[in-house]
>>> print(open('run_20.tsv').read())   # TSV, C-alpha atoms and all ligand atoms
chain	number	residue	atom	x	y	z
A	1	MET	CA	20.07	-11.49	-55.31
A	2	SER	CA	18.10	-10.58	-52.16
A	3	PRO	CA	17.09	-6.96	-51.61
A	4	HIS	CA	19.28	-6.94	-48.48
A	5	ASP	CA	22.40	-7.95	-50.32
A	6	ALA	CA	23.26	-4.58	-51.80
A	7	THR	CA	22.73	-0.91	-51.28
A	8	PRO	CA	19.76	0.20	-53.37
A	9	ALA	CA	20.85	2.22	-56.33
A	10	GLY	CA	18.95	5.09	-57.80
A	11	PRO	CA	18.61	8.84	-57.76
A	12	GLY	CA	18.58	10.79	-54.53
A	13	PRO	CA	20.83	12.79	-52.27
A	14	GLY	CA	23.59	10.33	-51.45
A	15	PRO	CA	26.28	10.73	-48.77
A	16	ALA	CA	28.42	13.84	-49.00
A	17	PRO	CA	31.58	13.27	-51.07
A	18	VAL	CA	34.66	12.63	-48.98
A	19	ALA	CA	37.56	14.93	-49.68
A	20	ALA	CA	40.59	13.22	-51.15
A	21	GLY	CA	42.99	12.05	-48.42
A	22	ALA	CA	40.52	12.62	-45.52
A	23	ALA	CA	39.34	9.66	-43.36
A	24	PRO	CA	35.60	9.08	-43.86
A	25	ARG	CA	33.53	9.90	-40.77
A	26	PHE	CA	31.42	7.08	-39.26
A	27	ALA	CA	33.28	4.58	-41.37
A	28	ALA	CA	31.90	1.64	-39.37
A	29	ALA	CA	28.33	2.87	-39.76
A	30	VAL	CA	28.46	3.25	-43.51
A	31	ALA	CA	30.00	-0.16	-44.09
A	32	ASN	CA	26.47	-1.54	-44.71
A	33	PRO	CA	27.11	-5.12	-43.51
A	34	LYS	CA	25.08	-7.85	-45.10
A	35	VAL	CA	21.97	-8.81	-43.08
A	36	LEU	CA	21.84	-12.54	-42.47
A	37	ARG	CA	18.36	-14.02	-42.18
A	38	ARG	CA	17.48	-17.61	-41.42
A	39	GLU	CA	15.06	-19.26	-43.79
A	40	LEU	CA	11.74	-20.12	-42.09
A	41	THR	CA	10.83	-23.80	-41.93
A	42	LEU	CA	7.61	-25.04	-43.55
A	43	ASN	CA	6.05	-25.49	-40.08
A	44	GLU	CA	6.90	-21.90	-39.18
A	45	ARG	CA	5.51	-20.58	-42.44
A	46	LEU	CA	2.20	-22.43	-42.10
A	47	PHE	CA	2.00	-21.41	-38.38
A	48	VAL	CA	0.04	-24.57	-37.55
A	49	GLY	CA	2.49	-25.94	-34.96
A	50	PRO	CA	2.71	-22.80	-32.77
A	51	PHE	CA	-1.06	-22.29	-33.09
A	52	VAL	CA	-1.86	-25.81	-31.87
A	53	LYS	CA	0.71	-25.45	-29.10
A	54	ALA	CA	-0.95	-22.23	-27.86
A	55	LEU	CA	-4.40	-23.87	-27.95
A	56	TRP	CA	-3.11	-26.84	-25.97
A	57	TYR	CA	-1.52	-24.54	-23.39
A	58	THR	CA	-4.84	-22.67	-22.92
A	59	PHE	CA	-6.77	-25.95	-22.71
A	60	THR	CA	-4.56	-27.37	-19.95
A	61	ARG	CA	-4.96	-24.15	-17.90
A	62	MET	CA	-8.75	-24.55	-17.87
A	63	PHE	CA	-8.53	-27.37	-15.34
A	64	ARG	CA	-6.13	-25.71	-12.93
A	65	LYS	CA	-7.12	-24.09	-9.66
A	66	ASP	CA	-7.85	-20.36	-9.93
A	67	ILE	CA	-5.07	-18.16	-8.65
A	68	THR	CA	-6.93	-14.90	-9.25
A	69	ARG	CA	-9.88	-13.43	-7.37
A	70	ARG	CA	-13.00	-12.18	-9.16
A	71	TYR	CA	-13.09	-8.84	-7.41
A	72	PRO	CA	-15.39	-7.12	-6.49
A	73	GLU	CA	-17.79	-10.09	-6.44
A	74	GLN	CA	-15.21	-12.09	-4.45
A	75	LYS	CA	-14.01	-10.00	-1.55
A	76	MET	CA	-10.61	-10.33	0.01
A	77	GLU	CA	-10.36	-12.42	3.15
A	78	VAL	CA	-9.55	-9.92	5.88
A	79	LYS	CA	-7.57	-10.58	9.04
A	80	PRO	CA	-6.84	-8.34	12.04
A	81	THR	CA	-3.33	-7.86	10.72
A	82	LEU	CA	-4.63	-6.06	7.62
A	83	HIS	CA	-3.77	-2.37	7.34
A	84	GLY	CA	-7.04	-0.89	6.22
A	85	VAL	CA	-7.86	2.75	6.81
A	86	PRO	CA	-7.40	4.11	10.35
A	87	VAL	CA	-10.57	4.62	12.39
A	88	LEU	CA	-11.42	5.91	15.85
A	89	VAL	CA	-12.62	3.68	18.67
A	90	MET	CA	-16.02	4.59	20.07
A	91	LYS	CA	-16.92	3.78	23.66
A	92	GLU	CA	-20.25	2.30	24.72
A	93	ASP	CA	-21.66	5.74	25.52
A	94	GLY	CA	-20.92	6.88	21.94
A	95	ALA	CA	-17.99	9.15	22.90
A	96	PRO	CA	-14.53	8.72	21.34
A	97	ARG	CA	-11.76	7.17	23.40
A	98	CYS	CA	-9.48	9.88	22.05
A	99	VAL	CA	-8.20	12.47	24.53
A	100	ALA	CA	-6.97	14.83	21.80
A	101	CYS	CA	-3.34	14.57	22.88
A	102	GLY	CA	-2.24	15.20	19.30
A	103	LEU	CA	0.44	12.50	19.20
A	104	CYS	CA	-1.02	10.82	16.13
A	105	GLU	CA	-1.32	14.16	14.36
A	106	PHE	CA	2.33	14.91	15.17
A	107	VAL	CA	3.69	11.55	14.06
A	108	CYS	CA	1.65	11.13	10.86
A	109	PRO	CA	4.20	11.25	7.99
A	110	PRO	CA	1.94	12.75	5.27
A	111	ARG	CA	0.15	15.08	7.73
A	112	ALA	CA	-3.19	13.43	7.02
A	113	ILE	CA	-4.65	14.03	10.49
A	114	ASP	CA	-6.10	17.28	11.74
A	115	ILE	CA	-7.43	17.60	15.30
A	116	GLN	CA	-9.08	20.53	17.02
A	117	PRO	CA	-9.07	19.76	20.78
A	118	GLY	CA	-11.63	21.07	23.22
A	119	GLU	CA	-12.36	21.09	26.94
A	120	THR	CA	-14.93	18.82	28.53
A	121	ASP	CA	-16.50	18.57	31.99
A	122	ARG	CA	-15.93	14.82	32.13
A	123	PRO	CA	-12.82	13.48	33.97
A	124	ILE	CA	-11.14	13.07	30.60
A	125	GLU	CA	-10.83	16.92	30.43
A	126	ARG	CA	-9.93	16.99	26.74
A	127	GLU	CA	-11.59	15.49	23.73
A	128	PRO	CA	-11.49	16.19	20.00
A	129	LYS	CA	-14.01	18.79	18.87
A	130	THR	CA	-13.09	17.91	15.30
A	131	PHE	CA	-10.97	15.00	14.14
A	132	VAL	CA	-10.34	14.70	10.43
A	133	ILE	CA	-8.31	12.21	8.41
A	134	ASP	CA	-7.67	12.85	4.73
A	135	MET	CA	-7.74	9.34	3.29
A	136	LEU	CA	-6.20	10.58	0.05
A	137	ARG	CA	-3.10	11.50	2.03
A	138	CYS	CA	-3.09	8.53	4.42
A	139	ILE	CA	-0.54	5.88	3.49
A	140	GLU	CA	-1.92	3.39	6.04
A	141	CYS	CA	1.40	3.14	7.83
A	142	SER	CA	-0.23	2.61	11.27
A	143	TYR	CA	2.12	5.04	13.06
A	144	CYS	CA	-0.92	6.74	14.57
A	145	GLU	CA	-2.11	3.43	15.99
A	146	GLU	CA	1.31	2.60	17.39
A	147	VAL	CA	1.78	5.95	19.10
A	148	CYS	CA	-1.70	6.36	20.58
A	149	PRO	CA	-1.60	5.92	24.38
A	150	GLU	CA	-5.34	5.35	24.61
A	151	GLU	CA	-5.89	2.69	21.94
A	152	ALA	CA	-8.22	5.26	20.47
A	153	ILE	CA	-7.14	4.98	16.84
A	154	VAL	CA	-6.59	1.63	15.15
A	155	MET	CA	-6.23	0.28	11.66
A	156	SER	CA	-9.49	-1.22	10.43
A	157	THR	CA	-10.14	-3.96	7.91
A	158	GLU	CA	-11.83	-1.45	5.60
A	159	TYR	CA	-9.85	-1.22	2.39
A	160	GLU	CA	-12.47	-0.02	-0.08
A	161	VAL	CA	-12.34	3.76	0.07
A	162	VAL	CA	-14.24	5.18	-2.87
A	163	GLY	CA	-15.79	8.52	-3.65
A	164	ARG	CA	-16.66	10.88	-6.46
A	165	ARG	CA	-15.31	14.09	-5.01
A	166	ARG	CA	-12.26	14.99	-2.96
A	167	GLU	CA	-14.47	15.77	0.05
A	168	ASP	CA	-15.67	12.15	0.09
A	169	PHE	CA	-12.21	11.11	1.21
A	170	VAL	CA	-11.97	13.56	4.09
A	171	TRP	CA	-13.44	11.59	6.98
A	172	ASP	CA	-14.70	13.42	10.06
A	173	LEU	CA	-15.58	12.16	13.54
A	174	LYS	CA	-18.97	10.90	12.41
A	175	LYS	CA	-17.45	8.70	9.75
A	176	LEU	CA	-14.34	7.70	11.68
A	177	LEU	CA	-15.97	6.50	14.89
A	178	LYS	CA	-16.55	2.73	15.03
A	179	PRO	CA	-17.84	0.73	18.01
A	180	ALA	CA	-15.09	-0.91	20.07
A	181	GLN	CA	-16.73	-4.33	19.67
A	182	GLU	CA	-16.35	-4.06	15.90
A	183	LEU	CA	-12.61	-3.43	16.32
A	184	ALA	CA	-12.05	-5.96	19.12
A	185	ALA	CA	-9.87	-8.28	17.00
A	186	ARG	CA	-7.54	-5.46	15.94
A	187	ILE	CA	-7.35	-4.02	19.47
A	188	ALA	CA	-6.40	-7.47	20.80
A	189	TRP	CA	-3.73	-7.75	18.09
A	190	VAL	CA	-2.39	-4.29	18.96
A	191	ARG	CA	-2.09	-5.19	22.65
A	192	LYS	CA	-0.33	-8.43	21.83
A	193	THR	CA	2.05	-6.81	19.34
A	194	TYR	CA	3.03	-3.69	21.25
A	195	LYS	CA	2.91	-5.43	24.65
A	196	ARG	CA	1.57	-2.31	26.28
A	197	TRP	CA	-0.38	-3.96	29.04
A	198	ASP	CA	1.54	-7.20	29.30
A	199	ALA	CA	2.33	-7.68	33.00
A	200	ALA	CA	4.40	-10.78	32.21
A	201	ALA	CA	6.73	-8.74	29.99
A	202	GLU	CA	8.50	-7.28	33.03
A	203	ILE	CA	9.13	-10.70	34.52
A	204	ALA	CA	10.21	-12.32	31.29
A	205	PRO	CA	11.77	-9.71	29.00
A	206	PRO	CA	12.39	-10.67	25.39
A	207	PRO	CA	15.86	-11.84	24.27
A	208	GLY	CA	18.23	-8.89	24.59
A	209	GLY	CA	16.27	-7.58	27.57
A	210	VAL	CA	14.63	-4.70	25.74
A	211	PHE	CA	10.90	-4.13	25.98
A	212	ARG	CA	9.24	-2.90	22.83
A	213	ASP	CA	7.50	-0.23	24.87
A	214	PRO	CA	9.14	0.04	28.30
A	215	ARG	CA	6.68	2.71	29.45
A	216	TRP	CA	3.94	0.16	29.82
A	217	ALA	CA	5.74	-3.03	30.81
A	218	GLY	CA	4.26	-4.49	33.98
A	219	ARG	CA	1.34	-2.09	34.20
A	220	GLU	CA	-2.28	-3.05	34.39
A	221	ARG	CA	-4.59	-1.87	31.64
A	222	PRO	CA	-6.29	1.18	33.18
A	223	VAL	CA	-10.05	1.11	33.44
A	224	ASP	CA	-11.90	3.44	31.13
A	225	SER	CA	-12.87	6.04	33.71
A	226	HIS	CA	-13.73	8.70	31.14
A	301	LIG	S1	-2.00	5.39	9.06
A	301	LIG	FE1	-0.11	6.64	8.86
A	301	LIG	S2	-0.59	8.06	7.21
A	301	LIG	FE2	-2.54	7.22	7.86
A	301	LIG	S3	-3.33	8.65	9.38
A	301	LIG	FE3	-2.17	7.09	10.51
A	301	LIG	S4	-0.08	7.91	10.72
A	301	LIG	FE4	-1.13	9.09	9.11
A	302	LIG	S1	-2.84	9.71	19.72
A	302	LIG	FE1	-4.77	8.74	20.31
A	302	LIG	S2	-5.51	9.93	22.03
A	302	LIG	FE2	-3.93	11.15	21.04
A	302	LIG	S3	-5.04	12.47	19.59
A	302	LIG	FE3	-4.45	10.63	18.45
A	302	LIG	S4	-6.19	9.23	18.63
A	302	LIG	FE4	-6.45	10.81	20.19
>>> encode(input="run_20.tsv", output="structure tokens", more="lines below")
Ligand code: SF4
Ligand code: SF4
Amino acid sequence: MSPHDATPAGPGPGPAPVAAGAAPRFAAAVANPKVLRRELTLNERLFVGPFVKALWYTFTRMFRKDITRRYPEQKMEVKPTLHGVPVLVMKEDGAPRCVACGLCEFVCPPRAIDIQPGETDRPIEREPKTFVIDMLRCIECSYCEEVCPEEAIVMSTEYEVVGRRREDFVWDLKKLLKPAQELAARIAWVRKTYKRWDAAAEIAPPPGGVFRDPRWAGRERPVDSH
């Protein structure tokens, strides 16, 4: 007789006695059905077959093309469409393109942007005195890039944001500003995608006749006078 075939007998606190005439509670649970187990085959008991099968599987995978990347030695191939962290566009004279309008700060879902605007004598009139992005809050949604009327903030291809302290992730103007040439590919992609300066868009509207950004359809890209 197998040990599973019967309820083990012996001393111990057994189930509470059922009163005469009363229906036993949890009758189905105490029925103690017999556990049926399949006998293992000789191959399964020796474990040779499954072992050889696993070795063969591993061996065949050795000659296949890698589908994983050995990061960080192998970096990711970046394209202008990548949503890295947002950065600010720096003009040739080293000043930011930003006019501190505050639109990006207003639209940012996790409130990651903080701008303190200030006056300037240049024709631009306003510029950010401080411009801070908390990269721990930023979800890289690109709303700021989409809303900016000056193409002053764009998503970069930088995706490795590391630091030891919380302050390392709070980027200020000095860290955020990147030369426009460095961001040329993304800026070109932004113009193409949002069709802000596309003069042809007014002549040939997209199917449905709705411009993605009707404010700018047909206008020339203004020269950077500031
Ligand atoms: S990418 Fe999105 S979350 Fe990050 S700063 Fe811009 S608007 Fe805010
Ligand atoms: S939306 Fe553009 S111009 Fe306005 S504050 Fe943000 S970065 Fe500057």
>>> residues_near_ligand(input="run_20.tsv", ligand="ligand LIG 301 (chain A)", cutoff="8 Å", atoms="all atoms listed in the file", output="PDB file with C-alpha atoms, keeping the file's coordinate frame")
ATOM      1  CA  VAL A  85      -7.860   2.750   6.810  1.00  0.00           C
ATOM      2  CA  PRO A  86      -7.400   4.110  10.350  1.00  0.00           C
ATOM      3  CA  CYS A 104      -1.020  10.820  16.130  1.00  0.00           C
ATOM      4  CA  GLU A 105      -1.320  14.160  14.360  1.00  0.00           C
ATOM      5  CA  VAL A 107       3.690  11.550  14.060  1.00  0.00           C
ATOM      6  CA  CYS A 108       1.650  11.130  10.860  1.00  0.00           C
ATOM      7  CA  PRO A 109       4.200  11.250   7.990  1.00  0.00           C
ATOM      8  CA  PRO A 110       1.940  12.750   5.270  1.00  0.00           C
ATOM      9  CA  ARG A 111       0.150  15.080   7.730  1.00  0.00           C
ATOM     10  CA  ALA A 112      -3.190  13.430   7.020  1.00  0.00           C
ATOM     11  CA  ILE A 113      -4.650  14.030  10.490  1.00  0.00           C
ATOM     12  CA  ILE A 133      -8.310  12.210   8.410  1.00  0.00           C
ATOM     13  CA  ASP A 134      -7.670  12.850   4.730  1.00  0.00           C
ATOM     14  CA  MET A 135      -7.740   9.340   3.290  1.00  0.00           C
ATOM     15  CA  ARG A 137      -3.100  11.500   2.030  1.00  0.00           C
ATOM     16  CA  CYS A 138      -3.090   8.530   4.420  1.00  0.00           C
ATOM     17  CA  ILE A 139      -0.540   5.880   3.490  1.00  0.00           C
ATOM     18  CA  GLU A 140      -1.920   3.390   6.040  1.00  0.00           C
ATOM     19  CA  CYS A 141       1.400   3.140   7.830  1.00  0.00           C
ATOM     20  CA  SER A 142      -0.230   2.610  11.270  1.00  0.00           C
ATOM     21  CA  TYR A 143       2.120   5.040  13.060  1.00  0.00           C
ATOM     22  CA  CYS A 144      -0.920   6.740  14.570  1.00  0.00           C
ATOM     23  CA  GLU A 145      -2.110   3.430  15.990  1.00  0.00           C
ATOM     24  CA  MET A 155      -6.230   0.280  11.660  1.00  0.00           C
TER      25      MET A 155
END
>>> closest_residue(input="run_20.tsv", among="A:Leu136, A:Cys101, A:Ala95, A:Val161", to="Ala180 of chain A", atoms="all atoms listed in the file")
A:Ala95
>>> atom_distance(input="run_20.tsv", atom1="atom CA of Ala188 of chain A", atom2="atom CA of Leu103 of chain A")
21.2 Å
>>> atom_distance(input="run_20.tsv", atom1="atom CA of His83 of chain A", atom2="atom CA of Phe106 of chain A")
19.9 Å
>>> atom_distance(input="run_20.tsv", atom1="atom S1 of ligand LIG 302 (chain A)", atom2="atom CA of Arg165 of chain A")
28.0 Å
>>> residues_near_ligand(input="run_20.tsv", ligand="ligand LIG 302 (chain A)", cutoff="8 Å", atoms="all atoms listed in the file", output="PyMOL selection string")
chain A and resi 88+97-105+115+127-128+144-145+147-153
>>> residues_around(input="run_20.tsv", residues="Glu160 of chain A", least_positions_apart="4", cutoff="12 Å", atoms="only C-alpha atoms", output="ChimeraX atom specification")
/A:71-72,75-76,78,83-85,135,156,169
>>> residues_around(input="run_20.tsv", residues="Thr130 of chain A", least_positions_apart="5", cutoff="10 Å", atoms="all atoms listed in the file", output="list in words")
Ala100, Asp114, Ile115, Gln116, Pro117, Gly118, Asp172, Leu173 and Lys174 of chain A
